[in-house]
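Enquirer: mmCIF, C-alpha atoms, file target_31.cif:
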data_model
#
loop_
_atom_site.group_PDB
_atom_site.id
_atom_site.type_symbol
_atom_site.label_atom_id
_atom_site.label_comp_id
_atom_site.auth_asym_id
_atom_site.auth_seq_id
_atom_site.Cartn_x
_atom_site.Cartn_y
_atom_site.Cartn_z
ATOM 1 C CA GLY F 1 0.000 0.000 0.000
ATOM 2 C CA SER F 2 0.910 3.668 0.030
ATOM 3 C CA ASP F 3 1.938 3.600 3.704
ATOM 4 C CA GLY F 4 3.115 0.012 4.306
ATOM 5 C CA TYR F 5 2.244 -3.606 3.596
ATOM 6 C CA ASP F 6 0.419 -6.589 5.080
ATOM 7 C CA VAL F 7 1.953 -9.993 5.850
ATOM 8 C CA ALA F 8 0.255 -13.381 5.964
ATOM 9 C CA SER F 9 0.944 -16.279 8.330
ATOM 10 C CA HIS F 10 3.382 -17.991 5.980
ATOM 11 C CA SER F 11 6.634 -19.122 7.599
ATOM 12 C CA TRP F 12 8.612 -16.851 5.272
ATOM 13 C CA SER F 13 6.960 -13.706 6.543
ATOM 14 C CA GLY F 14 4.630 -14.102 9.520
ATOM 15 C CA ALA F 15 4.944 -17.312 11.529
ATOM 16 C CA SER F 16 3.872 -17.009 15.156
ATOM 17 C CA SER F 17 6.591 -15.929 17.631
ATOM 18 C CA LYS F 18 9.336 -15.763 14.981
ATOM 19 C CA ASP F 19 11.563 -12.725 14.508
ATOM 20 C CA TYR F 20 11.771 -11.053 11.085
ATOM 21 C CA VAL F 21 13.634 -8.143 9.542
ATOM 22 C CA SER F 22 12.341 -6.138 6.599
ATOM 23 C CA TRP F 23 14.167 -3.597 4.440
ATOM 24 C CA ASN F 24 12.075 -1.334 2.238
ATOM 25 C CA TRP F 25 12.827 1.134 -0.543
ATOM 26 C CA LEU F 26 10.679 3.839 -2.078
ATOM 27 C CA LYS F 27 10.793 3.746 -5.878
ATOM 28 C CA SER F 28 11.504 7.277 -7.106
ATOM 29 C CA ALA F 29 14.106 9.322 -8.914
ATOM 30 C CA THR F 30 14.521 11.320 -5.695
ATOM 31 C CA SER F 31 15.552 8.213 -3.766
ATOM 32 C CA GLY F 32 17.662 6.778 -6.600
ATOM 33 C CA VAL F 33 15.629 3.557 -6.842
ATOM 34 C CA ASP F 34 13.810 2.084 -9.819
ATOM 35 C CA ILE F 35 12.084 -1.254 -10.427
ATOM 36 C CA VAL F 36 11.750 -2.372 -14.037
ATOM 37 C CA SER F 37 9.920 -5.385 -15.464
ATOM 38 C CA TYR F 38 10.572 -6.570 -19.014
ATOM 39 C CA THR F 39 10.381 -9.548 -21.372
ATOM 40 C CA GLY F 40 13.587 -11.030 -22.784
ATOM 41 C CA ASN F 41 14.432 -11.173 -26.491
ATOM 42 C CA SER F 42 17.876 -12.885 -26.544
ATOM 43 C CA SER F 43 19.388 -9.907 -28.366
ATOM 44 C CA ALA F 44 21.663 -7.106 -27.212
ATOM 45 C CA ARG F 45 19.474 -4.212 -26.105
ATOM 46 C CA THR F 46 18.997 -1.259 -23.786
ATOM 47 C CA ILE F 47 16.138 -0.772 -21.317
ATOM 48 C CA SER F 48 15.011 2.578 -19.923
ATOM 49 C CA HIS F 49 15.012 3.338 -16.197
ATOM 50 C CA ASN F 50 14.063 6.254 -13.931
ATOM 51 C CA CYS F 51 16.712 6.208 -11.207
ATOM 52 C CA GLY F 52 17.524 9.849 -11.823
ATOM 53 C CA ALA F 53 21.240 8.980 -11.980
ATOM 54 C CA ILE F 54 23.541 6.189 -13.173
ATOM 55 C CA PRO F 55 22.738 2.899 -11.379
ATOM 56 C CA LYS F 56 25.794 1.575 -9.574
ATOM 57 C CA ILE F 57 24.241 -1.743 -8.589
ATOM 58 C CA MET F 58 21.486 -3.819 -10.225
ATOM 59 C CA PHE F 59 19.791 -7.068 -9.215
ATOM 60 C CA ILE F 60 17.949 -8.963 -11.953
ATOM 61 C CA LYS F 61 15.785 -12.079 -11.520
ATOM 62 C CA LYS F 62 13.916 -14.177 -14.062
ATOM 63 C CA THR F 63 10.325 -14.437 -12.828
ATOM 64 C CA SER F 64 8.885 -16.919 -15.344
ATOM 65 C CA ALA F 65 11.372 -19.751 -14.671
ATOM 66 C CA SER F 66 14.069 -20.847 -12.230
ATOM 67 C CA ASP F 67 17.407 -19.091 -12.611
ATOM 68 C CA ASN F 68 20.066 -17.224 -10.651
ATOM 69 C CA TRP F 69 19.888 -13.669 -9.356
ATOM 70 C CA SER F 70 22.363 -11.710 -11.520
ATOM 71 C CA VAL F 71 24.166 -8.721 -10.014
ATOM 72 C CA TYR F 72 25.870 -5.799 -11.731
ATOM 73 C CA HIS F 73 28.179 -3.626 -9.619
ATOM 74 C CA GLN F 74 30.103 -0.647 -10.912
ATOM 75 C CA ALA F 75 33.285 -1.700 -9.096
ATOM 76 C CA ILE F 76 33.641 -4.935 -11.112
ATOM 77 C CA GLY F 77 32.461 -3.362 -14.358
ATOM 78 C CA ALA F 78 30.167 -4.296 -17.216
ATOM 79 C CA SER F 79 32.309 -7.266 -18.296
ATOM 80 C CA ASN F 80 31.704 -9.130 -15.023
ATOM 81 C CA TYR F 81 28.817 -10.176 -12.814
ATOM 82 C CA LEU F 82 28.033 -11.717 -9.430
ATOM 83 C CA ILE F 83 25.288 -14.128 -8.356
ATOM 84 C CA LEU F 84 23.280 -13.101 -5.292
ATOM 85 C CA ASN F 85 22.201 -16.682 -4.464
ATOM 86 C CA SER F 86 25.761 -18.051 -4.682
ATOM 87 C CA THR F 87 29.117 -17.729 -2.945
ATOM 88 C CA SER F 88 30.872 -17.572 -6.325
ATOM 89 C CA ALA F 89 33.478 -14.930 -7.034
ATOM 90 C CA SER F 90 32.741 -12.534 -9.887
ATOM 91 C CA SER F 91 32.665 -14.096 -13.337
ATOM 92 C CA ALA F 92 33.559 -12.598 -16.696
ATOM 93 C CA SER F 93 30.897 -12.346 -19.384
ATOM 94 C CA SER F 94 30.501 -10.222 -22.501
ATOM 95 C CA THR F 95 26.904 -11.406 -22.915
ATOM 96 C CA MET F 96 25.517 -10.427 -19.507
ATOM 97 C CA TRP F 97 25.654 -6.606 -19.694
ATOM 98 C CA ASN F 98 26.860 -6.451 -23.309
ATOM 99 C CA ASN F 99 30.146 -4.983 -22.012
ATOM 100 C CA THR F 100 28.271 -1.691 -21.537
ATOM 101 C CA ALA F 101 27.865 0.202 -18.268
ATOM 102 C CA PRO F 102 24.457 1.724 -17.412
ATOM 103 C CA THR F 103 23.779 5.371 -18.127
ATOM 104 C CA ALA F 104 21.494 7.844 -16.367
ATOM 105 C CA SER F 105 18.633 6.729 -18.641
ATOM 106 C CA VAL F 106 19.207 3.092 -19.737
ATOM 107 C CA PHE F 107 20.894 -0.158 -18.743
ATOM 108 C CA SER F 108 22.297 -2.641 -21.246
ATOM 109 C CA LEU F 109 21.814 -6.393 -21.648
ATOM 110 C CA GLY F 110 23.423 -9.003 -23.863
ATOM 111 C CA ASN F 111 21.852 -12.319 -24.801
ATOM 112 C CA LYS F 112 22.707 -14.261 -21.646
ATOM 113 C CA GLY F 113 19.701 -16.316 -20.535
ATOM 114 C CA GLU F 114 19.812 -15.270 -16.881
ATOM 115 C CA VAL F 115 18.916 -11.679 -17.831
ATOM 116 C CA ASN F 116 17.491 -11.781 -21.350
ATOM 117 C CA ALA F 117 16.189 -15.217 -22.417
ATOM 118 C CA ASN F 118 13.698 -14.934 -25.249
ATOM 119 C CA GLY F 119 10.083 -14.775 -24.096
ATOM 120 C CA GLU F 120 10.910 -14.999 -20.374
ATOM 121 C CA THR F 121 9.864 -12.276 -17.935
ATOM 122 C CA PHE F 122 12.278 -10.462 -15.629
ATOM 123 C CA ILE F 123 12.328 -7.993 -12.747
ATOM 124 C CA ALA F 124 15.237 -5.577 -12.231
ATOM 125 C CA TYR F 125 15.994 -3.593 -9.070
ATOM 126 C CA LEU F 126 18.289 -0.626 -9.711
ATOM 127 C CA PHE F 127 20.021 1.619 -7.165
ATOM 128 C CA ALA F 128 21.884 4.849 -7.841
ATOM 129 C CA GLU F 129 23.767 7.421 -5.817
ATOM 130 C CA ASN F 130 22.287 10.890 -6.193
ATOM 131 C CA ALA F 131 21.965 14.177 -4.333
ATOM 132 C CA SER F 132 19.949 12.558 -1.535
ATOM 133 C CA LYS F 133 23.004 10.451 -0.552
ATOM 134 C CA LEU F 134 20.650 7.732 0.641
ATOM 135 C CA PHE F 135 22.844 5.068 -0.970
ATOM 136 C CA LYS F 136 26.595 4.659 -1.128
ATOM 137 C CA ILE F 137 27.845 1.952 -3.450
ATOM 138 C CA GLY F 138 31.527 1.172 -3.751
ATOM 139 C CA SER F 139 34.417 -1.177 -3.015
ATOM 140 C CA TYR F 140 37.471 -1.645 -0.828
ATOM 141 C CA VAL F 141 40.513 -3.932 -0.742
ATOM 142 C CA GLY F 142 41.003 -6.113 2.330
ATOM 143 C CA ASN F 143 44.088 -5.809 4.533
ATOM 144 C CA GLY F 144 43.775 -9.129 6.408
ATOM 145 C CA SER F 145 43.870 -7.412 9.818
ATOM 146 C CA SER F 146 41.392 -7.451 12.701
ATOM 147 C CA ASN F 147 41.950 -3.700 12.599
ATOM 148 C CA GLY F 148 40.436 -3.389 9.160
ATOM 149 C CA LYS F 149 39.643 -0.372 7.067
ATOM 150 C CA PHE F 150 37.245 2.420 7.850
ATOM 151 C CA ILE F 151 35.049 3.018 4.804
ATOM 152 C CA TYR F 152 33.842 6.613 4.647
ATOM 153 C CA THR F 153 30.345 6.968 3.153
ATOM 154 C CA GLY F 154 29.322 10.447 4.292
ATOM 155 C CA GLY F 155 26.250 9.390 6.245
ATOM 156 C CA ASN F 156 24.951 7.492 9.270
ATOM 157 C CA VAL F 157 25.054 3.887 8.029
ATOM 158 C CA VAL F 158 21.993 1.820 8.925
ATOM 159 C CA TRP F 159 22.426 -1.113 6.489
ATOM 160 C CA VAL F 160 25.315 -2.581 4.536
ATOM 161 C CA MET F 161 25.708 -5.587 2.228
ATOM 162 C CA ILE F 162 29.211 -6.853 1.406
ATOM 163 C CA LYS F 163 30.614 -9.521 -0.956
ATOM 164 C CA ASN F 164 34.162 -10.678 -1.633
ATOM 165 C CA THR F 165 34.422 -10.522 -5.434
ATOM 166 C CA GLU F 166 37.555 -12.688 -5.558
ATOM 167 C CA GLY F 167 36.663 -15.449 -3.085
ATOM 168 C CA THR F 168 33.876 -17.967 -2.524
ATOM 169 C CA ASP F 169 32.541 -16.260 0.591
ATOM 170 C CA ASN F 170 28.939 -15.595 1.533
ATOM 171 C CA TRP F 171 27.212 -12.320 0.912
ATOM 172 C CA ASN F 172 26.607 -10.635 4.274
ATOM 173 C CA ILE F 173 24.068 -8.057 5.439
ATOM 174 C CA TYR F 174 24.352 -5.989 8.620
ATOM 175 C CA ASP F 175 21.769 -3.484 9.879
ATOM 176 C CA ASN F 176 20.967 -1.396 12.948
ATOM 177 C CA LYS F 177 17.503 -2.847 13.620
ATOM 178 C CA ARG F 178 18.398 -6.351 14.758
ATOM 179 C CA LEU F 179 19.694 -6.771 18.308
ATOM 180 C CA GLY F 180 23.431 -6.842 18.900
ATOM 181 C CA TYR F 181 24.692 -4.418 16.288
ATOM 182 C CA ASN F 182 28.089 -2.895 17.124
ATOM 183 C CA THR F 183 28.592 -5.510 19.856
ATOM 184 C CA ASN F 184 28.533 -8.967 18.258
ATOM 185 C CA TYR F 185 26.836 -8.352 14.924
ATOM 186 C CA SER F 186 24.461 -11.064 13.905
ATOM 187 C CA PHE F 187 24.550 -10.986 10.123
ATOM 188 C CA LEU F 188 22.381 -12.500 7.415
ATOM 189 C CA SER F 189 23.560 -14.076 4.157
ATOM 190 C CA PRO F 190 21.108 -13.643 1.259
ATOM 191 C CA ASN F 191 22.638 -16.607 -0.570
ATOM 192 C CA LEU F 192 21.592 -18.907 2.319
ATOM 193 C CA GLN F 193 18.280 -19.980 3.852
ATOM 194 C CA ASN F 194 19.902 -19.928 7.304
ATOM 195 C CA ALA F 195 18.816 -17.962 10.321
ATOM 196 C CA GLU F 196 21.044 -15.011 11.179
ATOM 197 C CA ASN F 197 24.614 -15.881 12.095
ATOM 198 C CA THR F 198 25.173 -15.407 15.827
ATOM 199 C CA THR F 199 28.423 -17.377 16.203
ATOM 200 C CA THR F 200 30.738 -14.379 16.478
ATOM 201 C CA SER F 201 31.432 -13.176 20.024
ATOM 202 C CA THR F 202 32.910 -9.821 19.096
ATOM 203 C CA ALA F 203 31.982 -7.132 16.625
ATOM 204 C CA ASN F 204 33.371 -7.852 13.148
ATOM 205 C CA LEU F 205 31.906 -4.707 11.622
ATOM 206 C CA GLU F 206 30.645 -1.465 13.106
ATOM 207 C CA LEU F 207 28.047 0.887 11.625
ATOM 208 C CA LEU F 208 29.152 4.448 12.293
ATOM 209 C CA SER F 209 27.881 8.000 11.813
ATOM 210 C CA SER F 210 29.910 8.597 8.656
ATOM 211 C CA GLY F 211 30.718 5.092 7.362
ATOM 212 C CA PHE F 212 31.531 1.589 8.565
ATOM 213 C CA LYS F 213 34.575 -0.042 10.145
ATOM 214 C CA ILE F 214 35.887 -3.547 9.419
ATOM 215 C CA LYS F 215 37.028 -5.299 12.620
ATOM 216 C CA SER F 216 37.688 -8.815 11.392
ATOM 217 C CA SER F 217 40.231 -10.647 9.237
ATOM 218 C CA THR F 218 37.667 -13.235 8.115
ATOM 219 C CA GLY F 219 37.316 -13.999 4.417
ATOM 220 C CA HIS F 220 33.803 -12.669 4.081
ATOM 221 C CA LEU F 221 35.016 -9.200 5.108
ATOM 222 C CA ASN F 222 38.766 -8.774 4.941
ATOM 223 C CA THR F 223 41.031 -11.203 3.086
ATOM 224 C CA SER F 224 44.256 -9.364 2.326
ATOM 225 C CA GLY F 225 44.377 -8.125 -1.259
ATOM 226 C CA ASP F 226 40.845 -9.201 -2.201
ATOM 227 C CA LYS F 227 38.345 -6.709 -3.589
ATOM 228 C CA TYR F 228 35.029 -6.352 -1.750
ATOM 229 C CA ILE F 229 31.954 -4.609 -3.089
ATOM 230 C CA TYR F 230 29.398 -2.981 -0.831
ATOM 231 C CA MET F 231 26.024 -1.292 -0.900
ATOM 232 C CA VAL F 232 25.153 1.036 1.980
ATOM 233 C CA ILE F 233 21.882 2.590 3.057
ATOM 234 C CA GLN F 234 22.409 5.593 5.258
ATOM 235 C CA GLN F 235 20.850 8.617 6.860
ATOM 236 C CA PRO F 236 22.610 11.522 5.122
ATOM 237 C CA ILE F 237 24.428 14.111 7.169
ATOM 238 C CA VAL F 238 22.496 17.361 6.711
ATOM 239 C CA GLY F 239 23.128 21.041 7.322
ATOM 240 C CA GLN F 240 20.895 23.792 8.666
ATOM 241 C CA ASN F 241 18.722 23.852 5.542
ATOM 242 C CA ASN F 242 18.268 20.053 5.517
ATOM 243 C CA ILE F 243 20.704 19.852 2.603
ATOM 244 C CA PRO F 244 23.085 16.836 2.566
ATOM 245 C CA CYS F 245 26.609 17.854 3.461
ATOM 246 C CA THR F 246 29.963 16.173 3.970
ATOM 247 C CA ALA F 247 31.178 15.255 7.445
ATOM 248 C CA ARG F 248 34.565 16.457 8.595
#
Written as structure tokens, how would this file's structure read?
Expert:
Amino acid sequence: GSDGYDVASHSWSGASSKDYVSWNWLKSATSGVDIVSYTGNSSARTISHNCGAIPKIMFIKKTSASDNWSVYHQAIGASNYLILNSTSASSASSTMWNNTAPTASVFSLGNKGEVNANGETFIAYLFAENASKLFKIGSYVGNGSSNGKFIYTGGNVVWVMIKNTEGTDNWNIYDNKRLGYNTNYSFLSPNLQNAENTTTSTANLELLSSGFKIKSSTGHLNTSGDKYIYMVIQQPIVGQNNIPCTAR
């Protein structure tokens, strides 16, 4: 609905006495989010979007048949892709995004079946950075230390998803709504059906007022020399006129 949504009693969303977390995005050029549905044609093509800026990350899923979630991220470029439901490292492909990065008005597809099989239907979720600074999408290189890098994002981070693009590690999501954040960090892995991971006894990542801090040498966050991609949702730092500004 216009102000929320209803859930049923299904175990995925509303079983009695179970805990759930829900992350929600408003589709608008102001927020930098667009959702696009289309039918595949097995030919190189472009599809229009209304993100209001260049999408830096895209998630595409075939809805008419079983297939992987395909992920574009600016940091690995238009000649590579990741799979959201897999631990796989990034893979090279000239037929996924047609070796063409998105623009502020269109995104490109090749003839790869996961994103453009003829006659199949697809849904695409696109996220862009814009003046609202709601999203920060980027990458860092691990240093292998429990005193890992601080990643500056320019806002109060409330949600972050991270994936090692060079190793077979899980995707991991951290947020500030589930209990334990900044103390032991129970994280969720979207490539798994598991409950949240509560095995760590110390914080391995901290959400901060202007970014996030890596505090673990584990492979899913900080293997030395490996490239990690991230997507952050944050509350922008604002000035007196409610205009986003940069923290010192």
Enquirer: Would you kindly return, as an MDAnalysis selection string, each protein, DNA or RNA residue with an atom no farther than 8 Å from any atom of F:Ser224, considering only C-alpha atoms and excluding same-chain residues fewer than 2 positions away?
Expert: chainID F and resid 141:145 222 226
Enquirer: Set the distance at 8 Å and use all atoms listed in the file: which residues neighbour F:Tyr140 once local chain neighbours fewer than 2 positions away are removed? I'd like the list as JSON, numbers by chain.
Expert: {"F": [138, 142, 151, 227, 228, 229]}
Enquirer: Tell me, as an NGL selection string, which residues lie within 10 Å of F:Asn80, counting only C-alpha atoms; anything in the same chain fewer than 4 positions away does not count.
Expert: :F and (71-76 or 90-99)
Enquirer: Using the chain letters and numbers from this file, what does the PyMOL selection byres ((chain F and resi 177) around 10) select? Give the answer as a VMD selection string.
Expert: chain F and resid 21 to 23 158 to 159 174 to 176 178 to 181
Enquirer: List the spatial neighbours of F:Cys51 as a list in words - criterion: any atom at most 10 Å away, all atoms listed in the file, same-chain residues fewer than 2 positions off excluded.
Expert: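 Counting all atoms listed in the file, the residues come to Lys27, Ser28, Ala29, Thr30, Ser31, Gly32, Val33, Asp34, Ile35, Ser48, His49, Ala53, Ile54, Pro55, Thr103, Ala104, Ser105, Val106, Leu126, Phe127, Ala128, Glu129 and Asn130 of chain F.
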Enquirer: Quick one: residues within 9 Å of F:Ser70, only C-alpha atoms, excluding same-chain residues fewer than 4 positions away - as a VMD selection string?
Expert: chain F and resid 58 to 61 81 to 85 96 114 to 115
Enquirer: Could you tell me which of F:Leu207, F:Ala15, F:Ile162, F:Ile214 comes closest to F:Ser189 if we count all atoms listed in the file?
Expert: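 Among the listed residues, F:Ile162 lies closest to F:Ser189.
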Enquirer: When you count all atoms listed in the file, which of these residues is closest to F:Gly40: F:Ser86, F:Ser13, F:Asn116, F:Asn111?
Expert: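 Looking at the shortest contact to F:Gly40, the residue is F:Asn116.
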Enquirer: Would you mind reading off the distance between atom CA of F:Thr199 and atom CA of F:Trp69, one decimal, in Å?
Expert: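 Between atom CA of F:Thr199 and atom CA of F:Trp69 the gap works out to 27.2 Å.
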Enquirer: Taking into account only C-alpha atoms, which residue in the set F:Phe212, F:Phe135, F:Phe122, F:Tyr20 is nearest to F:Gly148?
Expert: F:Phe212
